[in-house]
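What follows is a single structure, written as structure tokens, with notes after it.
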Amino acid sequence: MLQRSAGLLETDEGKRLYSNDYARWQRWGPYLSERQWGTVREDYSEHGTAWAYFPHDHARMRAYRWGEDGLAGFADERLNWCVSLALWNGRDPIVKERLFGLTNDEGNHGEDVKELYFYLDGTPTHSYMRMLYKYPQGAFPYQDLLDENARRGTGVPEYEILDTGIFDDERYFDVQVEYAKHTPDDVVMRITVENRAGQHATLDVLPQIWARNTWSWQDVAHKPSLALVSSAQGNYVVAHSDTHAPLVVTSTASAGASVEWLFCENDTNVKRLFNMDGAGPFKDGINDYLVHGASDAVRRDAGTKAAARVHLELAAHGRAVVTLRWRPQSVPKEEVALDIDALFAHRIAEADAFYAALQRDIESADAKLVQRQALAGMLWSKQYYQYDVNRWLAGDPLQPTPPASRQHGRNADWRHLSNADILSMPDKWEYPWYASWDLAFQAVAFALVDPMFAKKQMLLLVKDRYQHPNGQLPAYEWAFGDANPPVHAWAAWRVYEIDRSITGKPDSEFLELIFHKLLLNFSWWVNRKDADGHNIFQGGFLGLDNVGIFDRSQPLPTGGHLDQADGTAWMAGYALDLMRIALELAFSNHVFVDIGVKFFEHFLYIAGAVSCDDDCETGLWDSVDEFFYDKLKLPDGTSTPLRMRSIVGLIPLFAVHVLEERVHGNLPGLRDRLVWFLEHRPDLARLVSRWNQPGKGNSLLLSLLRGHRMKALLKRVLDESEFLSDHGIRALSRTHLDAPFVYRYNGCNFTVKYLPAESDSRVFGGNSNWRGPIWMPVNYLLIESLYEFHRYYGDDFLVEYPTGSGEKRTLQQIADELARRVTTLFLLDRNNERPVMGAYPLLQADPKSRDLVLFHEYFHGDNGRGVGASHQTGWSGLVALLLQPRVMSPSGNVPAAGEIEEGAAVK
């Protein structure tokens, strides 16, 4: 694990994280979405057609109800005031205010952002943030991207922005956007534009600030305002609202360029959209002024949206800088003057010191770069998320009543849900909403740099305004009632561990609070997802989309139900994680011993059901193939295993925990309770390795697998012709390339074939494929599980790696090697290229762009190319942990509460 003496807390940024001013430093941040259009929250259609109801073409002229979006955005924690960048190259049909992409129906592999942008740096308090946007000098190819992707089927790759040729010959601008905080409420945006072309180019740069529209939905006492003030020192804008003290907004430009202030209202253009009368200027006023020369579309004095227009004439390879600063009007006059360059230099130095402390044990400069960009992507992907389902269903006082069909449609049974918080998003364009199991992994990665934020994220999911009264956790806004894998107890424990290793102090209050709420969620699973009451679970698609032959979230075409190997394994792991948390809490409150034993017993009931021989009613282990399979239970009472080798059959490896002597030997009464249960249930006692014999450290192994079965599974996992690729573990065995799995029923063939990258089916969404690619979260959990197995078996337990090589290694060595393979996705290879960037040859060949890294949702099963959401530094951000020495701890748990000495290494 991390060391208490790592020095993070001694840096200026580290001190802010644990200061009384932490909340103030978090008040402003990159909380603006990249896509508010096309979301469920903004959908008031009759049939829930969110993508079509509010398309990209409406976004520039239609006010949002529940949020805002913008390019390189920054905002306060409630989006009352928002800042972002707008650009116009003089050729585009619209001003570039937000990122463009295709909807789920428009893309041949689902929704996809069609822009080049990169998150490069950031600190947890957002005292410094940096990103890069590449803006073409020719007209942005909106129609070409739409038309060509419409022509392409699912069997060919997506048509990407680089494929259009718009970036050829470096005919584009590198636009770097940075933010630095002088104080928590005094923030500067610095825009540095570089003309990459070898000829002169012009560009309008428009940093803009606006008030979120709250007045169109219900009556407000005072509408926010932005007003121009002229003075001898220059023009500036004053922002007034009920939510903030007055702000002063100023802008400057280099090379003598002038600043022209333009104003409009953040109101829907009802004339253009609905052919209604209305008084402008509207939300798209600045766009119409620039693109169409409509002078009456803007005002010069006031509004609720303002832009500081700077027209740049850039020589070949020329550079220019534009700034926007907003600060409280109450700042004393002697503090108004600010050396902006010195401020940025200071904040950058602080960021460098923070990451130098974090990365002091990482030797490779390239690994440091990748980790820092991974964490930057996660920091930039925070978003203010507001969604009050009851209000959304009922409608707003000043707006038309929603269609009656909504009362029985999407999320109608989640009326209690009322979210209004800063949340970690998987990706603020393709996934500008939280997903419960994604968020768990993201919180673990966040704990590396901001444990406070990580803990808050975990606690949000179990708050009453998130968690359903029946105990279920919300999945995501498209269907809150879907079931995501229950990884939250695991994530809570890992966040607790990392936080304790950094601070030296166990946050038992956090652990106990989330434990109590997860008890409700565990009960929901037991009562809702165990169809036969036999400790074998279902759960639906469980986040694995198209991994099966059927859509597991829908009624099966055969009737009956699936007993799921993954659903059952997740629940076994859930029981172990809750047991581990309960026993940790028992060191300070003995009452938790009884609860810990309860989950010990529950784990064994599940283990006994899932692991029994394949001639029993419940067992999911196939003794012929030596693999775990889903079992189809038909209405006539018969059942059949679906012999498809996928990640579903490997997830039982994740349910493992070593119960150490320091725990069961030091909690009064615990060992006696365990022994009594095992003696009275010898059928289950055989599942606990050597429980009645002194073992290595007198530890007990709790797992769904004993040594032989684990080796049988690992034989396939570590086989390069099956699951093992150069860059991690595939989601489907490669043997299904030449031998697809086929299930025949009622004259129909249901087929699954190995697909290393994009899906060839739209039935399951199209942009997410579990039939062959490499996925970060399951690779991470597998690596961690092998470390845990090694803690019990030690160095004498050897497994062939790779299968067929004749070489034997310990489980720790194999885990180390798998971690290395996964990190090679992002690191420079011998050809000085990054496998993940395989679809970006133009950038890989450019020395200025070679170090720009995208993290993607998943990865090509054979060559590592990034696939899916290109900016999903959500769970792919786990690579930051894989690159961090000692975080993936081969020696296992950190000491129990009270065992850490100040300054001692936690291993």
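Identifiers in the structure tokens: chain A, B, ... in order shown; residue index from 1 per chain; ligand index from 1 in order shown.
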Alpha helix (DSSP H) per DSSP on the backbone: members of range 416-558 of chain A, as JSON, numbers by chain
{"A": [436, 437, 438, 439, 440, 441, 442, 443, 444, 445, 446, 451, 452, 453, 454, 455, 456, 457, 458, 459, 460, 461, 488, 489, 490, 491, 492, 493, 494, 495, 496, 497, 498, 499, 500, 501, 502, 503, 508, 509, 510, 511, 512, 513, 514, 515, 516, 517, 518, 519, 520, 521, 522, 523, 524, 525, 526, 527, 528]}
- Might you pull out every residue within 12 Å of Asp829 in chain A, with only C-alpha atoms counted and same-chain residues fewer than 4 positions away left off, and present them as a list in words? Asp366, Ala367, Asp726, His727, Arg821, Thr823, Thr824, Leu825, Glu833, Arg834, Pro835, Val836, Met837, Gly838, Gln844, Arg850 and Gly864 of chain A
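Among A:Thr125, A:Gln386, A:Thr164, A:Gln26, the residue with the shortest atom-to-atom distance to Ala139 in chain A, counting only C-alpha atoms, is A:Thr164.
Here CA of Val156 in chain A is placed at a distance of 11.5 Å from CA of Gly107 in chain A.
Residue nearest Lys808 in chain A, chosen from A:Met571, A:Gly481, A:Lys715, A:Val336 and counting only C-alpha atoms: A:Lys715.
What separates CA of Trp210 in chain A from CA of Gln457 in chain A is a distance of 27.8 Å.
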Mind dumping a table of every range 35-91 of chain A residue within 9 Å of range 101-104 of chain A, with the nearest atom pair and its distance in Å to one decimal, using only C-alpha atoms, sorted by chain and rising number, as a Markdown table?
| residue | atom | partner | partner_atom | distance |
| --- | --- | --- | --- | --- |
| A:Gly38 | CA | A:Thr103 | CA | 7.8 |
| A:Trp51 | CA | A:Thr103 | CA | 6.3 |
| A:Ala52 | CA | A:Thr103 | CA | 8.4 |
| A:Pro55 | CA | A:Thr103 | CA | 8.2 |
| A:His56 | CA | A:Gly101 | CA | 8.1 |
Among range 168-261 of chain A, which ones does DSSP assign to strand (DSSP E) (computed from the backbone)? Answer as a ChimeraX atom specification.
/A:172-183,186-195,201-211,225-229,236-240,247-253,260-261
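Proximity of A:Ala315, A:Ile581, A:Val495, A:Leu653 to Val444 in chain A, computed with only C-alpha atoms, is greatest for A:Val495.
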**Asked** Which residues, written as a PyMOL selection string, have at least one atom at most 8 Å from range 748-764 of chain A, with only C-alpha atoms counted and residues fewer than 3 positions away on the same chain left out?
**Response** chain A and resi 109-110+154-155+157+545-546+548-551+732-737+739-745+767-769+771-773+859-862+867-868
Find the spatial neighbours of Leu520 in chain A, counting only C-alpha atoms, within a cut-off of 6 Å - ignore same-chain residues fewer than 3 positions away - and output them as a PDB file with C-alpha atoms, in the first residue's frame.
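Writing the result to part_29.pdb gives the following:
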ATOM      1  CA  GLY A 471     -32.596  -1.221  -0.863  1.00  0.00           C
ATOM      2  CA  LYS A 517     -26.774   1.017   4.079  1.00  0.00           C
ATOM      3  CA  SER A 523     -31.089  -7.902   1.449  1.00  0.00           C
TER       4      SER A 523
END
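The protein and nucleic acid residues lying at most 10 Å from Gly794 in chain A are Lys696, Tyr787, Glu788, Thr810, Leu811 and Gln812 of chain A, with only C-alpha atoms considered and sequence neighbours fewer than 6 positions away removed.
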Once you have the residues from the selection above, write them out as a PDB file, in the first residue's frame, restricted to N, CA and C atoms.
ATOM      1  N   LYS A 696      -0.604 -21.487   7.015  1.00  0.00           N
ATOM      2  CA  LYS A 696       0.354 -20.391   6.919  1.00  0.00           C
ATOM      3  C   LYS A 696      -0.202 -19.194   7.687  1.00  0.00           C
ATOM      4  N   TYR A 787      -3.508 -11.854  -6.177  1.00  0.00           N
ATOM      5  CA  TYR A 787      -2.692 -11.455  -5.024  1.00  0.00           C
ATOM      6  C   TYR A 787      -3.265 -12.037  -3.729  1.00  0.00           C
ATOM      7  N   GLU A 788      -4.588 -12.039  -3.633  1.00  0.00           N
ATOM      8  CA  GLU A 788      -5.224 -12.555  -2.418  1.00  0.00           C
ATOM      9  C   GLU A 788      -5.016 -14.069  -2.299  1.00  0.00           C
ATOM     10  N   THR A 810       4.614 -18.238  -9.403  1.00  0.00           N
ATOM     11  CA  THR A 810       3.710 -18.068  -8.275  1.00  0.00           C
ATOM     12  C   THR A 810       2.537 -17.190  -8.706  1.00  0.00           C
ATOM     13  N   LEU A 811       1.481 -17.226  -7.915  1.00  0.00           N
ATOM     14  CA  LEU A 811       0.315 -16.403  -8.239  1.00  0.00           C
ATOM     15  C   LEU A 811       0.640 -14.919  -8.144  1.00  0.00           C
ATOM     16  N   GLN A 812       1.540 -14.560  -7.246  1.00  0.00           N
ATOM     17  CA  GLN A 812       1.944 -13.154  -7.171  1.00  0.00           C
ATOM     18  C   GLN A 812       2.688 -12.744  -8.432  1.00  0.00           C
TER      19      GLN A 812
END
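The residue that comes closest to Ile340 in chain A, out of A:Ala447, A:Arg190, A:Arg528, A:Pro885 and on the basis of only C-alpha atoms, is A:Arg190.
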